[in-house]
Structure formats: C-alpha cells, structure tokens
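Below is query_27.cif, which holds mmCIF, C-alpha atoms.
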```cif
data_query
#
loop_
_atom_site.label_atom_id
_atom_site.label_comp_id
_atom_site.auth_asym_id
_atom_site.auth_seq_id
_atom_site.Cartn_x
_atom_site.Cartn_y
_atom_site.Cartn_z
CA MET Z 5 0.00 0.00 0.00
CA PRO Z 6 1.23 3.53 -0.70
CA SER Z 7 2.11 5.57 2.38
CA TYR Z 8 2.95 9.13 3.33
CA SER Z 9 5.11 10.60 6.08
CA LEU Z 10 5.50 14.25 7.03
CA ASP Z 11 8.77 15.43 8.58
CA GLY Z 12 9.51 11.79 9.33
CA VAL Z 13 6.18 11.09 11.08
CA ALA Z 14 3.94 8.43 9.50
CA LEU Z 15 0.58 9.78 8.37
CA ASP Z 16 -0.79 6.31 9.04
CA HIS Z 17 0.09 6.19 12.74
CA PRO Z 18 1.46 2.75 13.74
CA ALA Z 19 -0.81 2.61 16.81
CA GLY Z 20 -3.86 3.81 14.89
CA CYS Z 21 -4.09 7.29 16.49
CA TRP Z 22 -4.81 8.60 12.99
CA LYS Z 23 -4.73 7.18 9.49
CA LEU Z 24 -5.25 8.40 5.96
CA LYS Z 25 -8.63 7.57 4.51
CA ARG Z 26 -8.51 5.12 1.61
CA GLY Z 27 -8.71 6.86 -1.73
CA THR Z 28 -6.82 9.91 -0.50
CA GLN Z 29 -5.70 11.72 -3.62
CA ARG Z 30 -2.24 10.87 -4.96
CA ARG Z 31 0.04 13.48 -6.49
CA PRO Z 32 -1.87 15.34 -9.24
CA LEU Z 33 -0.20 16.40 -12.46
CA PRO Z 34 0.72 20.10 -12.46
CA GLY Z 35 -0.94 22.44 -14.92
CA ALA Z 36 0.89 24.89 -17.17
CA ARG Z 37 0.92 28.58 -16.33
CA ALA Z 38 -1.30 29.75 -19.17
CA VAL Z 39 -0.24 32.47 -21.59
CA ARG Z 40 -2.67 33.28 -24.40
CA VAL Z 41 -1.76 35.53 -27.31
CA SER Z 42 -4.17 36.27 -30.15
CA VAL Z 43 -3.38 38.36 -33.20
CA THR Z 44 -5.87 40.26 -35.32
CA GLY Z 45 -6.28 38.65 -38.72
CA ARG Z 46 -5.03 35.27 -37.59
CA ALA Z 47 -7.36 32.48 -36.52
CA GLY Z 48 -6.88 30.96 -33.09
CA GLU Z 49 -3.90 31.87 -30.92
CA LEU Z 50 -0.14 31.91 -31.27
CA PRO Z 51 1.40 28.58 -30.21
CA ILE Z 52 3.63 29.04 -27.17
CA VAL Z 53 5.95 26.33 -25.87
CA GLY Z 54 8.13 26.18 -22.78
CA LEU Z 55 5.44 27.32 -20.36
CA ASP Z 56 6.28 26.92 -16.68
CA HIS Z 57 4.16 24.78 -14.36
CA GLU Z 58 1.84 26.10 -11.68
CA ALA Z 59 2.18 25.02 -8.07
CA THR Z 60 0.28 21.81 -7.36
CA SER Z 61 -2.08 21.05 -4.49
CA PHE Z 62 -4.02 18.02 -3.31
CA SER Z 63 -6.05 16.91 -0.31
CA LEU Z 64 -5.31 14.45 2.45
CA THR Z 65 -8.21 13.12 4.55
CA PHE Z 66 -7.50 11.72 8.01
CA VAL Z 67 -9.59 9.48 10.26
CA VAL Z 68 -8.60 10.24 13.86
CA THR Z 69 -9.40 7.75 16.63
CA GLY Z 70 -9.25 7.55 20.40
CA ALA Z 71 -6.32 5.11 20.39
CA THR Z 72 -3.37 5.89 22.62
CA PRO Z 73 0.21 5.81 21.26
CA ALA Z 74 0.50 2.38 22.96
CA GLY Z 75 -2.55 1.09 21.07
CA ALA Z 76 -5.08 1.12 23.92
CA ASP Z 77 -8.56 2.66 23.77
CA GLY Z 78 -8.38 6.13 25.34
CA GLY Z 79 -11.90 7.27 24.49
CA PHE Z 80 -12.95 10.82 23.63
CA GLN Z 81 -10.26 12.45 25.76
CA GLN Z 82 -7.54 10.65 23.78
CA LEU Z 83 -9.29 11.64 20.54
CA GLU Z 84 -8.85 15.29 21.53
CA THR Z 85 -5.20 14.65 22.36
CA ASN Z 86 -4.67 12.94 19.01
CA LEU Z 87 -6.34 15.81 17.15
CA GLU Z 88 -4.04 18.27 18.89
CA ALA Z 89 -0.97 16.20 18.04
CA LEU Z 90 -1.99 15.86 14.39
CA THR Z 91 -2.84 19.54 13.97
CA ALA Z 92 0.51 20.45 15.54
CA LEU Z 93 2.24 18.20 13.01
CA LEU Z 94 0.31 19.79 10.13
CA GLY Z 95 0.41 23.35 11.42
CA VAL Z 96 4.06 24.29 10.91
CA ARG Z 97 4.25 27.78 9.39
CA ASN Z 98 7.84 28.93 9.88
CA ARG Z 99 9.27 26.61 7.19
CA LEU Z 100 8.34 24.16 4.46
CA MET Z 101 7.76 20.59 5.58
CA SER Z 102 9.12 17.44 3.94
CA LEU Z 103 6.43 15.11 2.61
CA ARG Z 104 7.56 11.60 1.66
CA TYR Z 105 5.54 9.28 -0.56
CA GLN Z 106 6.41 5.59 -0.81
CA ALA Z 107 4.92 2.82 -2.92
CA GLY Z 108 7.09 -0.27 -2.69
CA SER Z 109 10.60 0.69 -3.80
CA ILE Z 110 9.38 3.98 -5.30
CA VAL Z 111 10.12 6.94 -3.01
CA ARG Z 112 9.36 10.57 -3.82
CA VAL Z 113 9.77 13.63 -1.61
CA ALA Z 114 8.59 17.24 -1.85
CA ASP Z 115 8.75 20.38 0.26
CA VAL Z 116 5.17 21.29 1.11
CA THR Z 117 2.97 23.56 3.15
CA ILE Z 118 -0.58 23.06 4.45
CA THR Z 119 -2.74 25.84 3.03
CA ALA Z 120 -6.17 24.91 4.43
CA ALA Z 121 -7.89 22.53 6.84
CA SER Z 122 -11.52 21.62 7.39
CA GLU Z 123 -13.34 21.79 10.70
CA PRO Z 124 -13.01 18.28 12.22
CA GLU Z 125 -16.18 16.20 11.89
CA VAL Z 126 -16.43 14.56 15.31
CA ASN Z 127 -18.43 11.49 16.33
CA THR Z 128 -18.41 11.85 20.11
CA GLY Z 129 -19.85 8.44 20.94
CA ALA Z 130 -17.45 6.52 18.71
CA ALA Z 131 -14.50 8.75 19.63
CA ARG Z 132 -13.68 9.32 15.97
CA ALA Z 133 -13.14 12.38 13.82
CA ARG Z 134 -12.46 13.19 10.18
CA LEU Z 135 -10.15 15.98 9.09
CA THR Z 136 -9.24 17.08 5.57
CA VAL Z 137 -6.25 19.28 4.77
CA VAL Z 138 -5.00 20.82 1.54
CA VAL Z 139 -1.31 20.28 0.77
CA GLU Z 140 0.50 22.63 -1.62
CA VAL Z 141 3.80 21.90 -3.36
CA PRO Z 142 5.17 25.39 -4.14
CA GLY Z 143 8.11 23.97 -6.08
CA VAL Z 144 5.72 21.83 -8.19
CA TYR Z 145 7.99 18.80 -8.64
CA TRP Z 146 8.59 15.69 -6.56
CA ARG Z 147 12.18 14.55 -6.17
CA ASP Z 148 14.38 11.59 -5.31
CA GLU Z 149 15.54 11.52 -1.70
CA ALA Z 150 19.23 11.12 -2.50
CA VAL Z 151 21.52 13.33 -4.57
CA THR Z 152 23.58 11.44 -7.16
CA THR Z 153 26.76 12.35 -9.02
CA TRP Z 154 27.48 11.43 -12.63
CA ALA Z 155 30.79 11.79 -14.45
CA GLY Z 156 31.16 12.25 -18.20
CA ASN Z 157 33.34 13.76 -20.88
CA ALA Z 158 34.21 17.45 -20.99
CA ASN Z 159 34.19 17.42 -24.79
CA ALA Z 160 31.40 15.14 -26.07
CA SER Z 161 27.85 15.46 -27.39
CA ASN Z 162 24.60 13.73 -26.44
CA GLN Z 163 25.87 12.07 -23.27
CA ALA Z 164 23.18 10.23 -21.28
CA VAL Z 165 23.26 11.20 -17.60
CA ALA Z 166 22.59 7.70 -16.27
CA THR Z 167 21.81 8.81 -12.71
CA LEU Z 168 18.95 11.03 -13.94
CA ALA Z 169 17.30 8.46 -16.21
CA GLY Z 170 13.58 8.11 -15.58
CA SER Z 171 12.90 11.74 -14.66
CA THR Z 172 9.60 13.15 -15.86
CA ALA Z 173 10.12 16.80 -14.91
CA PRO Z 174 12.91 19.32 -15.55
CA ILE Z 175 15.72 19.38 -13.01
CA THR Z 176 16.16 23.06 -12.22
CA ASP Z 177 18.80 22.94 -9.47
CA ALA Z 178 21.64 20.83 -10.83
CA LEU Z 179 25.25 21.46 -9.85
CA LEU Z 180 27.64 21.17 -12.79
CA ARG Z 181 31.40 20.77 -12.45
CA VAL Z 182 34.02 20.86 -15.20
CA THR Z 183 37.54 19.75 -14.36
CA GLY Z 184 40.30 21.41 -16.41
CA PRO Z 185 42.20 22.01 -18.44
CA ALA Z 186 39.46 23.50 -20.59
CA THR Z 187 38.72 26.70 -22.49
CA ASN Z 188 35.54 28.01 -24.09
CA ILE Z 189 33.37 25.66 -22.02
CA ALA Z 190 29.72 25.27 -23.10
CA ILE Z 191 27.26 22.85 -21.48
CA THR Z 192 23.96 22.22 -23.29
CA ASP Z 193 20.77 20.43 -22.31
CA VAL Z 194 19.96 18.50 -25.49
CA ALA Z 195 16.18 18.38 -25.01
CA THR Z 196 15.67 22.14 -24.61
CA GLN Z 197 18.90 23.48 -26.14
CA GLY Z 198 19.34 25.69 -23.09
CA ALA Z 199 23.05 26.18 -22.43
CA VAL Z 200 25.51 27.74 -20.01
CA GLY Z 201 29.22 28.26 -20.34
CA LEU Z 202 32.44 30.08 -19.61
CA LEU Z 203 32.91 31.36 -23.12
CA THR Z 204 35.97 33.57 -22.73
CA SER Z 205 39.64 32.77 -23.06
CA GLY Z 206 42.82 33.84 -21.28
CA SER Z 207 42.41 34.29 -17.53
CA ASN Z 208 38.94 32.74 -17.62
CA ALA Z 209 40.07 29.39 -18.97
CA ILE Z 210 40.53 26.74 -16.27
CA THR Z 211 43.78 24.90 -15.76
CA ALA Z 212 44.40 21.26 -14.86
CA SER Z 213 44.35 22.16 -11.16
CA GLU Z 214 41.03 24.00 -11.35
CA ARG Z 215 37.33 23.12 -11.51
CA LEU Z 216 34.48 25.29 -12.77
CA LEU Z 217 31.36 24.97 -10.58
CA ILE Z 218 27.97 26.08 -11.91
CA ASP Z 219 24.91 26.26 -9.62
CA ALA Z 220 21.84 26.34 -11.88
CA ALA Z 221 19.41 27.09 -9.05
CA ALA Z 222 21.34 30.00 -7.54
CA MET Z 223 22.59 31.16 -10.98
CA ARG Z 224 26.12 31.42 -9.66
CA ALA Z 225 29.50 30.11 -10.79
CA ALA Z 226 32.96 29.84 -9.28
CA VAL Z 227 36.37 28.34 -9.97
CA VAL Z 228 37.83 26.19 -7.20
CA THR Z 229 41.23 24.55 -6.78
CA THR Z 230 40.18 21.61 -4.58
CA ASP Z 231 37.89 18.61 -5.02
CA THR Z 232 34.78 20.35 -3.71
CA TRP Z 233 31.22 21.23 -4.73
CA ASP Z 234 31.13 24.32 -2.50
CA LEU Z 235 31.11 27.52 -4.57
CA ALA Z 236 31.85 29.62 -1.50
CA THR Z 237 35.41 28.24 -1.38
CA GLY Z 238 36.29 29.46 -4.89
CA THR Z 239 36.71 32.57 -7.00
CA ASP Z 240 33.42 33.97 -8.24
CA LYS Z 241 32.92 33.74 -12.01
CA THR Z 242 29.22 34.57 -12.22
CA GLY Z 243 29.89 37.77 -14.14
CA VAL Z 244 31.66 36.01 -17.02
CA ILE Z 245 29.14 33.19 -17.47
CA SER Z 246 27.15 33.15 -20.72
CA VAL Z 247 23.63 31.72 -20.76
CA PHE Z 248 21.75 31.16 -23.98
CA GLY Z 249 18.90 29.23 -25.53
CA PRO Z 250 15.18 29.07 -24.58
CA GLY Z 251 14.42 30.62 -21.20
CA SER Z 252 17.93 32.01 -20.74
CA ALA Z 253 16.59 35.47 -19.94
CA SER Z 254 15.31 34.26 -16.58
CA ARG Z 255 17.13 31.03 -15.69
CA TRP Z 256 20.21 28.92 -16.14
CA ILE Z 257 20.27 25.42 -17.63
CA HIS Z 258 17.39 23.10 -16.78
CA LEU Z 259 18.15 19.41 -17.36
CA THR Z 260 15.14 17.87 -19.10
CA SER Z 261 14.42 14.24 -19.92
CA ALA Z 262 13.44 13.21 -23.44
CA MET Z 263 11.41 10.12 -24.30
CA ALA Z 264 12.78 7.60 -26.74
CA VAL Z 265 10.72 7.31 -29.91
CA GLY Z 266 7.70 5.12 -29.23
CA ASP Z 267 8.84 4.09 -25.74
CA PRO Z 268 7.44 6.10 -22.80
CA PHE Z 269 9.38 3.90 -20.36
CA SER Z 270 12.71 5.08 -21.78
CA ARG Z 271 13.38 8.59 -20.52
CA ALA Z 272 16.91 10.00 -20.55
CA VAL Z 273 18.59 13.31 -19.79
CA LEU Z 274 21.10 14.05 -22.54
CA ILE Z 275 23.83 16.63 -22.07
CA SER Z 276 26.54 17.98 -24.36
CA CYS Z 277 29.75 19.64 -23.28
CA THR Z 278 32.21 21.31 -25.63
CA ALA Z 279 35.59 22.81 -24.76
CA THR Z 280 38.98 23.37 -26.30
CA GLY Z 281 42.37 22.50 -24.88
CA THR Z 282 41.08 19.46 -23.00
CA THR Z 283 43.06 16.36 -22.00
CA ALA Z 284 42.21 12.90 -20.72
CA ALA Z 285 41.98 14.41 -17.22
CA SER Z 286 39.25 16.88 -18.23
CA LYS Z 287 35.72 15.83 -17.30
CA LEU Z 288 32.16 16.98 -16.75
CA GLU Z 289 30.20 16.02 -13.63
CA VAL Z 290 26.54 16.53 -12.71
CA ARG Z 291 25.24 16.41 -9.14
CA ALA Z 292 21.43 16.40 -8.89
CA ARG Z 293 18.25 14.61 -7.87
CA ARG Z 294 15.72 13.29 -10.36
CA ALA Z 295 12.48 15.28 -10.65
CA TYR Z 296 8.92 14.06 -11.29
CA LEU Z 297 5.61 15.59 -12.28
#
```
Please go through the file and, once you have read it, give me the structure as structure tokens.
Amino acid sequence: MPSYSLDGVALDHPAGCWKLKRGTQRRPLPGARAVRVSVTGRAGELPIVGLDHEATSFSLTFVVTGATPAGADGGFQQLETNLEALTALLGVRNRLMSLRYQAGSIVRVADVTITAASEPEVNTGAARARLTVVVEVPGVYWRDEAVTTWAGNANASNQAVATLAGSTAPITDALLRVTGPATNIAITDVATQGAVGLLTSGSNAITASERLLIDAAAMRAAVVTTDTWDLATGTDKTGVISVFGPGSASRWIHLTSAMAVGDPFSRAVLISCTATGTTAASKLEVRARRAYL
C-alpha cells in the first residue's frame, strides 16, 4: 500500500491514532501557467511552448481515533489529544515541511505547506473524527531523496546522464562541475537546447588544477582549486558566465528528460559539453536529484 510521512512522522500512525482515509488523492499532475496571445487577422492563438508549471495542491483526509500511542482505547479524551498532536504536526508555518511518498521501492519527496484545513467532523460516541487538509507543493515537482553524481566527458555530445534516467520533470537545481584544463566551455541540455558556459579565453580558462562549478538554481559560478562542490570556497565567475537558448533570460540550464521514440518507459537526460584544450583528465560532472511531475 502507498504511504505518506511528514517530517519523518507516519501519516498512518502505527498505533492507529490517525490514518489516511482510503482513496486519498495521490500526487496530481501540475498544470501549465497559461499564456494566451491572439493576433488580429489570424485564426486561433499563437502557439507558445516552454510554459512553466503552476504550483500543485491536493487533499489528504484523516480518520482520527481515540487510540493511545501504545494502542489502547483512550476514548474521547484521547481523541482530543490525538487531534491536537496531528494539527501540531500539520500546522508548521515557519518553514516548508518534507512530505515523503512511498509505494514499494518507489520513493518521492517534496517540500510542502498546508494551506487549508476543514473543521473536524467529530463522532463523540465513537470517539472518531475526520479531518481534511490541503497540501501545496510550491516547487511543483517531486524529487528523489538522495543526490547522485554522474561523471562524463568534458568534450562530447549527447551524453546520457545515467543517474537522472527516468525523470519526468525538468531538473532546475543541478550542480555542474568541469575539471580542467578547458577553455571556451559550453554545457547544453539537449532536449531544450538551453546552455551555459564560460565562453571567454585567457584568464577565464581553467587549468588542470582548477574546476568550474555552476549552480543552476542559484545562478552562480565559481572556480575552485580543490575537489569540492562548495562555490563559497572558490573565485566567483558569475559575471563572465554566458547563458543562452530558450528561457535564458530568466534562468540557467534546466536538465530535461526526453522520451525515446515510441517508448514512454525510456526517458533520458542528454547533455553535451564542448571545450577546447582538454586532455584525458578533463571531465564533466553533474550532481542532482531526479524530478517528477
């Protein structure tokens, strides 16, 4: 059976203090943020691709009982205690909460907030109550729990990032690292043709002892001289980074999976990296978590 946990607490309590009602809605597909453009003298509307997704929301319905944490019957008084404990778990407002969904070996996580809750429907005699809450995923996408690192070639096209295979949503927060020597570095997401690079020569080329770090989420870059993924330890290069391709006016590279022709079960993230002056020691690495609609 699928299960949820919130901040590490099972939403189907092991002692039966509360449980999710069967049929509770599973993750809905996000909708696109609509943009409609019509032109006089032209039928219909202009086709627009690359629209961003809206935040997603769904409901969770709980049945709360009078069971104690030890599994005994605590009656109506325990029901009130259980309701207080559950609403405290759901009522965090100072930060996003981590919601974990598991179905067999499939595990997905998302940062969420509770945006609304119903008035509990209480059956006093049976010491039971029903409570429905609305969960919002501001960042839209569900993710893997663990971050993975993939290593490839610093001067090769259409490389499959094996650790990101199976993604169904764009990965917007990847960390990219190029180990030198390399000059005129350009990294391209094959599916969208969005690209980012250090496209200047001379002092902005990286040597064999240097690594170029690119943080797509923070839109920052740095050159470091140690084996690290921490941009704060390096020399800032954000000002000499070039970003181009679709969406480059507002974001850096988004790694996007593409489906193999006729096979929806084959989904791969392809990435190209070009550079001059490379050697066998030069390489491209990607550190990220898969993303899902």
With the PyMOL selection byres ((chain Z and resi 295) around 12) as the selection, what would be picked from this file? Answer as a PyMOL selection string, please.
chain Z and resi 111-114+143-151+167-178+258-261+271+273+292-294+296-297
My list of candidates is Z:Met5, Z:Val39, Z:Leu135, Z:Met101. Which is closest to Thr117 (chain Z) when distances are computed with only C-alpha atoms?
Z:Met101
Spatial sel., origin (-19.0, 10.5, 19.3), limit 12 Å, only C-alpha atoms, listed as a ChimeraX atom specification:
/Z:68-70,79-81,83-84,125-134
Around the point (29.3, 22.2, -1.6) (coordinates from the file), which residues reach within 12 Å if we count only C-alpha atoms? Answer as a PyMOL selection string.
chain Z and resi 179-181+217-219+226+228+230-238+291
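Using the PyMOL selection byres ((chain Z and resi 194) around 10) on this structure selects Z:Ser161, Z:Asn162, Z:Gln163, Z:Ala164, Z:Ile191, Z:Thr192, Z:Asp193, Z:Ala195, Z:Thr196, Z:Gln197, Z:Gly198, Z:Ala199, Z:Leu259, Z:Thr260, Z:Ser261, Z:Ala262, Z:Val273, Z:Leu274, Z:Ile275, Z:Ser276.
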So that I can see what lies close to Gly156 (chain Z), please list as a list in words the residues with an atom at most 10 Å from it, counting all atoms listed in the file and leaving out residues fewer than 4 positions away in the same chain.
Ala160, Gln163, Ala164, Val165, Ala166, Val182, Ile275, Ser276, Cys277, Ser286, Lys287, Leu288, Glu289 and Val290 of chain Z
Asp115 (chain Z): which residues within 8 Å, counting all atoms listed in the file, same-chain residues fewer than 6 positions away excluded, as a list in words?
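My reading of the contact set: Leu100, Met101, Ser102, Leu103, Val141, Pro142 and Gly143 of chain Z.
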Could you jot down the CA of Ser254 (chain Z) to CA of Met223 (chain Z) separation for me, Å, one decimal place?
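Computed distance, CA of Ser254 (chain Z) to CA of Met223 (chain Z), equals 9.7 Å.
Among Z:Gly54, Z:Gly281, Z:Gly243, Z:Gly95, the residue with the shortest atom-to-atom distance to Val116 (chain Z), counting only C-alpha atoms, is Z:Gly95.
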So which one's closest to Ala19 (chain Z), Z:Ser7, Z:Thr65, Z:Thr153, Z:Thr72? Using all atoms listed in the file, please.
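Comparing Z:Ser7, Z:Thr65, Z:Thr153, Z:Thr72 against Ala19 (chain Z), the winner is Z:Thr72.
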All residues 7 Å or closer to Glu58 (chain Z), only C-alpha atoms, same chain fewer than 4 positions away omitted, as a PyMOL selection string:
chain Z and resi 34-37+144
Could you tell me which residues the PyMOL selection byres ((chain Z and resi 185) around 9) grabs in this file, written as a PDB file with C-alpha atoms, keeping the file's coordinate frame?
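Below you can see result.pdb, which holds the result:
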```pdb
ATOM      1  CA  VAL Z 182      34.020  20.860 -15.200  1.00  0.00           C
ATOM      2  CA  THR Z 183      37.540  19.750 -14.360  1.00  0.00           C
ATOM      3  CA  GLY Z 184      40.300  21.410 -16.410  1.00  0.00           C
ATOM      4  CA  ALA Z 186      39.460  23.500 -20.590  1.00  0.00           C
ATOM      5  CA  THR Z 187      38.720  26.700 -22.490  1.00  0.00           C
ATOM      6  CA  ALA Z 209      40.070  29.390 -18.970  1.00  0.00           C
ATOM      7  CA  ILE Z 210      40.530  26.740 -16.270  1.00  0.00           C
ATOM      8  CA  THR Z 211      43.780  24.900 -15.760  1.00  0.00           C
ATOM      9  CA  ALA Z 212      44.400  21.260 -14.860  1.00  0.00           C
ATOM     10  CA  SER Z 213      44.350  22.160 -11.160  1.00  0.00           C
ATOM     11  CA  GLU Z 214      41.030  24.000 -11.350  1.00  0.00           C
ATOM     12  CA  ARG Z 215      37.330  23.120 -11.510  1.00  0.00           C
ATOM     13  CA  THR Z 280      38.980  23.370 -26.300  1.00  0.00           C
ATOM     14  CA  GLY Z 281      42.370  22.500 -24.880  1.00  0.00           C
ATOM     15  CA  THR Z 282      41.080  19.460 -23.000  1.00  0.00           C
ATOM     16  CA  THR Z 283      43.060  16.360 -22.000  1.00  0.00           C
ATOM     17  CA  ALA Z 285      41.980  14.410 -17.220  1.00  0.00           C
ATOM     18  CA  SER Z 286      39.250  16.880 -18.230  1.00  0.00           C
TER      19      SER Z 286
END
```
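Atom to atom, CA of Asn86 (chain Z) and CA of Cys21 (chain Z) stand 6.2 Å apart.
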